[in-house]
Each structure stands twice: as C-alpha cells, then as structure tokens.
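Source file: data.csv. Holds: CSV, C-alpha atoms (C1' of nucleotides).
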```csv
chain,number,residue,atom,x,y,z
S,11,MET,CA,3.6,9.9,18.8
S,12,THR,CA,1.2,7.0,19.1
S,13,ILE,CA,-1.5,8.4,16.9
S,14,ASP,CA,-2.1,7.4,13.3
S,15,ASN,CA,0.1,4.4,13.3
S,16,SER,CA,-3.0,2.8,11.8
S,17,TYR,CA,-1.7,3.5,8.3
S,18,LYS,CA,2.1,3.5,8.9
S,19,ASP,CA,2.1,0.0,10.2
S,20,LYS,CA,-0.4,-1.6,7.8
S,21,LYS,CA,1.3,-4.1,5.5
S,22,VAL,CA,-0.4,-3.5,2.2
S,23,ILE,CA,2.3,-2.6,-0.3
S,24,THR,CA,3.7,-5.0,-2.8
S,25,ILE,CA,7.4,-5.4,-3.4
S,26,GLY,CA,7.3,-3.6,-6.8
S,27,VAL,CA,6.0,-0.4,-5.2
S,28,VAL,CA,8.5,-0.7,-2.4
S,29,SER,CA,11.2,-1.0,-4.9
S,30,GLU,CA,10.0,2.2,-6.7
S,31,LEU,CA,9.7,4.1,-3.4
S,32,THR,CA,13.0,3.1,-2.0
S,33,GLY,CA,15.1,2.8,-5.1
S,34,LEU,CA,16.2,-0.7,-4.0
S,35,SER,CA,16.0,-3.7,-6.3
S,36,GLU,CA,13.6,-6.5,-5.4
S,37,ARG,CA,16.6,-8.7,-4.9
S,38,GLN,CA,18.0,-6.4,-2.3
S,39,ILE,CA,14.6,-6.1,-0.5
S,40,ARG,CA,14.3,-9.9,-0.3
S,41,TYR,CA,17.8,-10.3,0.8
S,42,TYR,CA,17.3,-7.9,3.7
S,43,GLU,CA,14.4,-10.1,4.8
S,44,GLU,CA,16.6,-13.1,4.6
S,45,ARG,CA,19.0,-11.3,6.9
S,46,LYS,CA,16.1,-10.7,9.3
S,47,LEU,CA,16.1,-6.9,8.9
S,48,ILE,CA,12.6,-6.5,7.7
S,49,PHE,CA,9.5,-8.7,8.1
S,50,PRO,CA,6.8,-8.4,5.4
S,51,GLU,CA,3.5,-10.1,5.9
S,52,ARG,CA,2.4,-13.1,3.8
S,53,LYS,CA,-1.0,-14.6,3.8
S,54,GLU,CA,-1.3,-18.2,2.7
S,55,GLY,CA,1.7,-18.5,0.4
S,56,LYS,CA,0.8,-15.2,-1.2
S,57,SER,CA,3.1,-12.4,-2.1
S,58,ARG,CA,4.9,-10.2,0.4
S,59,LYS,CA,3.2,-7.0,1.8
S,60,TYR,CA,5.1,-4.1,3.3
S,61,SER,CA,4.1,-1.1,5.4
S,62,PHE,CA,5.3,2.5,5.2
S,63,ASN,CA,7.3,1.8,8.3
S,64,ASP,CA,9.1,-1.0,6.5
S,65,ILE,CA,9.9,1.4,3.7
S,66,GLU,CA,11.5,3.8,6.2
S,67,THR,CA,13.4,1.0,7.7
S,68,LEU,CA,14.6,0.0,4.3
S,69,ILE,CA,15.9,3.5,3.5
S,70,ASP,CA,17.8,3.4,6.8
S,71,ILE,CA,19.3,0.1,6.0
S,72,ALA,CA,20.3,1.2,2.5
S,73,ASN,CA,22.1,4.2,4.0
S,74,LYS,CA,24.0,2.1,6.5
S,75,ILE,CA,25.1,-0.4,3.8
S,76,GLU,CA,26.3,2.5,1.7
S,77,GLU,CA,28.5,3.5,4.7
S,78,GLY,CA,29.9,0.0,4.7
S,79,THR,CA,28.0,-1.5,7.6
S,80,GLN,CA,27.3,-5.2,7.2
S,81,THR,CA,23.8,-6.6,7.5
S,82,TYR,CA,24.8,-8.6,10.6
S,83,GLU,CA,25.8,-5.4,12.4
S,84,ILE,CA,22.7,-3.6,11.4
S,85,ARG,CA,20.7,-6.5,12.8
S,86,GLN,CA,22.6,-6.4,16.1
S,87,ASP,CA,21.9,-2.7,16.4
S,88,MET,CA,18.3,-3.2,15.8
S,89,ILE,CA,18.1,-5.9,18.5
S,90,LYS,CA,19.9,-3.7,20.9
S,91,LYS,CA,17.6,-0.8,20.3
S,92,GLN,CA,14.6,-3.0,20.7
S,93,LYS,CA,15.9,-4.3,24.0
S,94,LEU,CA,16.4,-0.8,25.4
S,95,LYS,CA,12.9,0.1,24.3
S,96,ASP,CA,11.5,-3.0,26.0
S,97,GLU,CA,13.3,-2.3,29.2
S,98,LYS,CA,12.0,1.2,29.4
S,99,GLU,CA,8.5,-0.1,28.8
S,100,ILE,CA,8.9,-2.6,31.7
S,101,LYS,CA,10.3,0.0,34.1
S,102,LYS,CA,7.5,2.3,33.2
S,103,GLN,CA,4.9,-0.4,34.0
S,104,MET,CA,6.6,-1.2,37.2
S,105,ILE,CA,6.6,2.4,38.4
S,106,GLN,CA,3.0,2.6,37.3
S,107,GLY,CA,2.3,-0.5,39.3
S,108,GLN,CA,3.8,1.0,42.4
S,109,LEU,CA,1.9,4.1,42.0
S,110,ASN,CA,-1.3,2.2,41.6
S,111,ALA,CA,-0.6,0.1,44.7
S,112,HIS,CA,-0.2,3.2,46.8
S,113,PHE,CA,-2.6,5.7,45.2
S,114,GLY,CA,-4.7,3.7,42.8
S,115,ILE,CA,-7.8,3.4,44.9
S,116,GLN,CA,-7.6,6.9,46.3
S,117,LYS,CA,-7.6,8.2,42.8
S,118,LYS,CA,-11.3,7.7,42.7
S,119,HIS,CA,-11.8,10.3,45.4
S,120,TYR,CA,-10.3,13.0,43.3
S,121,ARG,CA,-12.6,12.4,40.5
E,24,MET,CA,-5.9,17.9,10.6
E,25,THR,CA,-3.3,18.6,7.9
E,26,ILE,CA,-0.6,16.4,9.4
E,27,ASP,CA,0.4,13.0,8.3
E,28,ASN,CA,-1.5,13.0,5.0
E,29,SER,CA,1.7,11.8,3.6
E,30,TYR,CA,0.7,8.2,4.1
E,31,LYS,CA,-3.1,8.5,3.7
E,32,ASP,CA,-2.9,10.0,0.3
E,33,LYS,CA,-0.2,7.9,-1.2
E,34,LYS,CA,-1.4,5.7,-4.0
E,35,VAL,CA,0.5,2.5,-3.3
E,36,ILE,CA,-2.1,-0.3,-2.8
E,37,THR,CA,-3.1,-2.8,-5.4
E,38,ILE,CA,-6.7,-3.7,-6.2
E,39,GLY,CA,-6.4,-7.1,-4.6
E,40,VAL,CA,-5.5,-5.6,-1.2
E,41,VAL,CA,-8.2,-3.0,-1.5
E,42,SER,CA,-10.7,-5.7,-2.2
E,43,GLU,CA,-9.6,-7.5,1.0
E,44,LEU,CA,-9.7,-4.3,3.1
E,45,THR,CA,-13.1,-3.1,1.9
E,46,GLY,CA,-14.8,-6.4,1.3
E,47,LEU,CA,-15.8,-5.2,-2.2
E,48,SER,CA,-15.1,-7.3,-5.3
E,49,GLU,CA,-12.6,-6.1,-7.8
E,50,ARG,CA,-15.5,-5.7,-10.3
E,51,GLN,CA,-17.2,-3.3,-8.0
E,52,ILE,CA,-14.1,-1.3,-7.3
E,53,ARG,CA,-13.4,-0.9,-11.0
E,54,TYR,CA,-17.0,0.0,-11.7
E,55,TYR,CA,-17.0,2.8,-9.1
E,56,GLU,CA,-14.0,4.2,-11.0
E,57,GLU,CA,-15.9,4.0,-14.2
E,58,ARG,CA,-18.6,6.1,-12.5
E,59,LYS,CA,-16.0,8.6,-11.5
E,60,LEU,CA,-16.3,8.0,-7.7
E,61,ILE,CA,-12.6,7.1,-7.2
E,62,PHE,CA,-9.4,7.8,-9.0
E,63,PRO,CA,-6.6,5.3,-8.6
E,64,GLU,CA,-3.2,6.1,-10.1
E,65,ARG,CA,-1.7,4.3,-13.0
E,66,LYS,CA,1.8,4.7,-14.3
E,67,GLU,CA,2.4,3.8,-17.9
E,68,GLY,CA,-0.3,1.3,-18.5
E,69,LYS,CA,0.4,-0.4,-15.3
E,70,SER,CA,-2.0,-1.6,-12.7
E,71,ARG,CA,-4.2,0.6,-10.5
E,72,LYS,CA,-2.9,1.9,-7.2
E,73,TYR,CA,-5.1,3.1,-4.4
E,74,SER,CA,-4.5,5.2,-1.2
E,75,PHE,CA,-5.9,4.6,2.3
E,76,ASN,CA,-8.1,7.6,1.6
E,77,ASP,CA,-9.5,5.8,-1.4
E,78,ILE,CA,-10.3,2.8,0.8
E,79,GLU,CA,-12.2,5.0,3.2
E,80,THR,CA,-14.1,6.6,0.3
E,81,LEU,CA,-14.9,3.1,-1.0
E,82,ILE,CA,-16.4,2.1,2.3
E,83,ASP,CA,-18.6,5.2,2.3
E,84,ILE,CA,-19.7,4.5,-1.2
E,85,ALA,CA,-20.5,0.9,-0.3
E,86,ASN,CA,-22.7,2.1,2.6
E,87,LYS,CA,-24.6,4.5,0.4
E,88,ILE,CA,-25.2,1.9,-2.3
E,89,GLU,CA,-26.5,-0.4,0.4
E,90,GLU,CA,-29.0,2.3,1.3
E,91,GLY,CA,-30.2,2.4,-2.3
E,92,THR,CA,-28.3,5.5,-3.4
E,93,GLN,CA,-27.3,5.4,-7.1
E,94,THR,CA,-23.8,6.0,-8.2
E,95,TYR,CA,-24.9,9.1,-10.0
E,96,GLU,CA,-26.3,10.7,-6.9
E,97,ILE,CA,-23.2,9.8,-4.9
E,98,ARG,CA,-21.1,11.6,-7.6
E,99,GLN,CA,-23.3,14.7,-7.4
E,100,ASP,CA,-23.0,14.8,-3.7
E,101,MET,CA,-19.2,14.5,-4.0
E,102,ILE,CA,-19.0,17.3,-6.5
E,103,LYS,CA,-21.2,19.5,-4.3
E,104,LYS,CA,-19.1,18.9,-1.2
E,105,GLN,CA,-15.9,19.6,-3.2
E,106,LYS,CA,-17.4,22.9,-4.4
E,107,LEU,CA,-18.3,24.1,-0.9
E,108,LYS,CA,-14.8,23.2,0.2
E,109,ASP,CA,-13.3,25.2,-2.7
E,110,GLU,CA,-15.4,28.2,-2.0
E,111,LYS,CA,-14.5,28.3,1.7
E,112,GLU,CA,-10.8,28.1,0.7
E,113,ILE,CA,-11.2,31.1,-1.7
E,114,LYS,CA,-13.0,33.1,1.0
E,115,LYS,CA,-10.3,32.3,3.5
E,116,GLN,CA,-7.6,33.5,1.0
E,117,MET,CA,-9.4,36.7,0.2
E,118,ILE,CA,-9.8,37.6,3.8
E,119,GLN,CA,-6.1,36.8,4.4
E,120,GLY,CA,-5.3,39.0,1.4
E,121,GLN,CA,-7.3,41.9,2.9
E,122,LEU,CA,-5.5,41.5,6.2
E,123,ASN,CA,-2.1,41.4,4.6
E,124,ALA,CA,-2.9,44.5,2.6
E,125,HIS,CA,-3.7,46.4,5.8
E,126,PHE,CA,-1.4,45.0,8.3
E,127,GLY,CA,1.0,42.8,6.4
E,128,ILE,CA,4.0,45.1,6.5
E,129,GLN,CA,3.5,46.3,10.1
E,130,LYS,CA,3.6,42.7,11.3
E,131,LYS,CA,7.4,43.0,11.1
E,132,HIS,CA,7.4,45.6,13.9
E,133,TYR,CA,5.8,43.2,16.3
E,134,ARG,CA,8.4,40.6,15.8
N,2,DC,C1',-28.1,0.0,-13.0
N,3,DG,C1',-24.8,-2.7,-10.5
N,4,DT,C1',-22.5,-6.9,-10.4
N,5,DG,C1',-21.0,-11.8,-11.7
N,6,DT,C1',-18.3,-14.5,-14.7
N,7,DA,C1',-15.4,-17.0,-18.3
N,8,DA,C1',-11.5,-15.7,-21.6
N,9,DG,C1',-7.0,-14.7,-23.0
N,10,DG,C1',-3.2,-11.9,-22.5
N,11,DA,C1',0.1,-9.0,-20.0
N,12,DA,C1',2.6,-7.8,-16.0
N,13,DT,C1',4.1,-9.2,-11.2
N,14,DT,C1',6.0,-12.1,-7.9
N,15,DC,C1',8.3,-16.2,-6.3
N,16,DT,C1',12.0,-19.7,-5.6
N,17,DG,C1',16.5,-21.8,-6.1
N,18,DA,C1',20.6,-21.4,-8.5
N,19,DC,C1',24.8,-19.8,-10.7
N,20,DA,C1',28.0,-15.9,-10.9
N,21,DC,C1',31.3,-12.3,-9.3
N,22,DG,C1',34.3,-10.6,-6.0
I,6,DC,C1',29.0,-10.6,1.6
I,7,DG,C1',25.7,-8.3,-1.2
I,8,DT,C1',23.7,-8.2,-5.6
I,9,DG,C1',22.7,-9.3,-10.6
I,10,DT,C1',20.5,-12.3,-13.7
I,11,DA,C1',18.1,-16.1,-16.5
I,12,DA,C1',14.5,-19.7,-15.7
I,13,DG,C1',10.0,-21.5,-15.1
I,14,DG,C1',5.9,-21.5,-12.7
I,15,DA,C1',2.2,-19.4,-10.0
I,16,DA,C1',-0.7,-15.7,-8.8
I,17,DT,C1',-2.4,-11.0,-10.1
I,18,DT,C1',-4.4,-7.6,-12.9
I,19,DC,C1',-6.5,-6.0,-17.2
I,20,DT,C1',-10.0,-5.4,-20.9
I,21,DG,C1',-14.2,-6.1,-23.4
I,22,DA,C1',-18.1,-8.9,-23.5
I,23,DC,C1',-22.3,-11.5,-22.3
I,24,DA,C1',-25.7,-12.2,-18.7
I,25,DC,C1',-29.4,-10.9,-15.3
I,26,DG,C1',-32.8,-8.0,-13.7
```

For this file, write the structure as structure tokens.
Amino acid sequence: MTIDNSYKDKKVITIGVVSELTGLSERQIRYYEERKLIFPERKEGKSRKYSFNDIETLIDIANKIEEGTQTYEIRQDMIKKQKLKDEKEIKKQMIQGQLNAHFGIQKKHYR
Amino acid sequence: MTIDNSYKDKKVITIGVVSELTGLSERQIRYYEERKLIFPERKEGKSRKYSFNDIETLIDIANKIEEGTQTYEIRQDMIKKQKLKDEKEIKKQMIQGQLNAHFGIQKKHYR
DNA sequence: CGTGTAAGGAATTCTGACACG
DNA sequence: CGTGTAAGGAATTCTGACACG
C-alpha cells in the first residue's frame, strides 16, 4: 500500500496527455486547479505537470460533477478526508510513542 | 513482479521531462531511438512519449556508454536478453500444456 | 561514432477575457 | 457555476544538416 508510489506520485505528465487520458478538456483541468481540487507542479514559470494520482483524482472529480456535485463541495469533502487521515496518523504516532516509552529500550533485549 | 506495471509502462512523458529526469540531452535521447535502443510512442505525427520504464532503460544505456560500450553492442545485448526471456516463456507454456493434458480435467475434482 | 548546435516550422501551453446560462 | 472559444505570445518539439573527432 505504500510501495511503488514512486511512479504514481511523480508529476511528469503534460496537460495535453492528461486531457487524453481523462477525457476532460484542458479548460476543465485548469479550472479544477483554480478551484483547488488538484495541484500540478510548475517549475520556473513552465507548463503544468501532473501525476498518475492527479489523473485518478480528476476522474473522481469528473464523476462527482456529473452527479451534480459542485466544486466547492468536492473540495470540502477532500479537506475532510485529509483531516481524518491526519488525525489517524497522529494517533498512531502517539500510541507508538507510548509503546516506545514503555518498551522501547527493552526491545533490544529481544533481538 | 507483474503488479503495477500499469504506470511504469505507460508512455506519457515528453522528451523535455525525460531529459530532466535522466540528465541526458534531447539529442542523445533521440539518437538512442535512432539506434533502436528505445521506442517512444507517437500518435499521428505528434511528439514522442516515454514511459518510466524507458527512463530506466535510458539510464542503463547512459552508464554503458560511459563505460565505452557502443550503441551497437548495447543493442545486441538487449536482443539477446529478450531472446532468452522469450525462450523461457515458451518452455513454461509447454510444460504447463503437458500438465494440463495429464491433469487438467481432474483438477475440477479437487475443487 | 556520439553529440552539439543553429534554423525554420509546427504543435503545445499559457493567460485574461468575453459568452452563455 | 462550469465550460467553450478566439487571441496573441511564449515555450516545446521536430527534422535535416553541418561540424568535430
């Protein structure tokens, strides 16, 4: 689940290819960026570069819009989901911290 | 080993990005194509598109050339390796065929 | 042989704006 | 609100060629 993100997350695809792959117009793709739904990379005033992950996100966005969802709502949902994810991560780290405090040093004995 | 080739093999990257990612000049990248070492995709007279796999291949090529290997030799090696791979695949299928001929139908009884 | 470069053209991408609904 | 489009400019890519070694 955390393996091979190397390719999926690399922002290397131009908007033309993204358009072909998603079936969306370049106008739509740029607009969803304006509405803060996707975040292509841009080096020194150059052209936008997208990742395979961005493409999947775009397909999800397109589906939701077809269902009548507004970009604002989509954004709220994305923020909410991210928040939940962050909280889980923090909890996980806290529990790990507790465990380490109690058993961290002893661990060495087992190995 | 056969999972997630979906991204690695998709030809979606322009030559400019490939150049950045490999450190090779566009001239070099096009030349290696001329020497049949890489095979970008081109739709209707459009620009070349490369995959992440192509990028890895290019890095290997660059290393070999630095060592003094000529493009012709690199190509021969690639052909040889491909041949070995094909032969293994055929053998595998033949053995599978034999097994199926003997036990193929009975398999159903076990399940 | 492998690579650089200048040349001219074609295709791509970008932005800001007007339009419609 | 979400999307199309024409407009003009900038950046990208392409090919064939000459150059060097």

Protein, DNA and RNA residues within 12 Å of (16.2, -10.7, 12.1), all atoms listed in the file, as a PyMOL selection string: chain S and resi 41-50+81-90+92

Residue nearest chain S among E:Leu107, E:Ile78, E:Ile52, E:Ile84 (counting all atoms listed in the file):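 Looking only at the distances to chain S, the closest residue turns out to be E:Ile78.
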
Who sits within 10 Å of stretch 7-11 of chain I, all atoms listed in the file, same chain under 3 positions skipped, as an MDAnalysis selection string: (chainID S and resid 35 37:38 41:42 75 80:81) or (chainID N and resid 18:21)

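In this structure, atom CA of E:Phe126 sits 26.8 Å away from atom CA of E:Lys108.
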
Chain E residues near chain S (12 Å cut-off, all atoms listed in the file) as a count of residues only: 32

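Ranking N:DT16, N:DA11, N:DC2, N:DG22 by their shortest atom-to-atom distance to chain S, with only C-alpha atoms (C1' of nucleotides) included, puts N:DT16 first.
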
Distance query I:DT17 at most 9 Å, only C-alpha atoms (C1' of nucleotides), self and fewer than 6 positions along chain excluded, as a ChimeraX atom specification: /E:39 /N:12-14

Restricting the output to C-alpha atoms (C1' of nucleotides), write the selected residues as a PDB file, keeping the file's coordinate frame.
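The file below, result36.pdb, is the result:
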```pdb
ATOM      1  CA  GLY E  39      -6.400  -7.100  -4.600  1.00  0.00           C
TER       2      GLY E  39
ATOM      3  C1'  DA N  12       2.600  -7.800 -16.000  1.00  0.00           C
ATOM      4  C1'  DT N  13       4.100  -9.200 -11.200  1.00  0.00           C
ATOM      5  C1'  DT N  14       6.000 -12.100  -7.900  1.00  0.00           C
TER       6       DT N  14
END
```

Straight-line distance linking atom CA of S:Asn110 with atom CA of S:Asp96, stated in Å to one decimal: 20.8 Å

Atomic distance atom CA of E:Lys111 - atom CA of E:Asp83, expressed in Å with one decimal: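 Those two atoms sit 23.5 Å apart.
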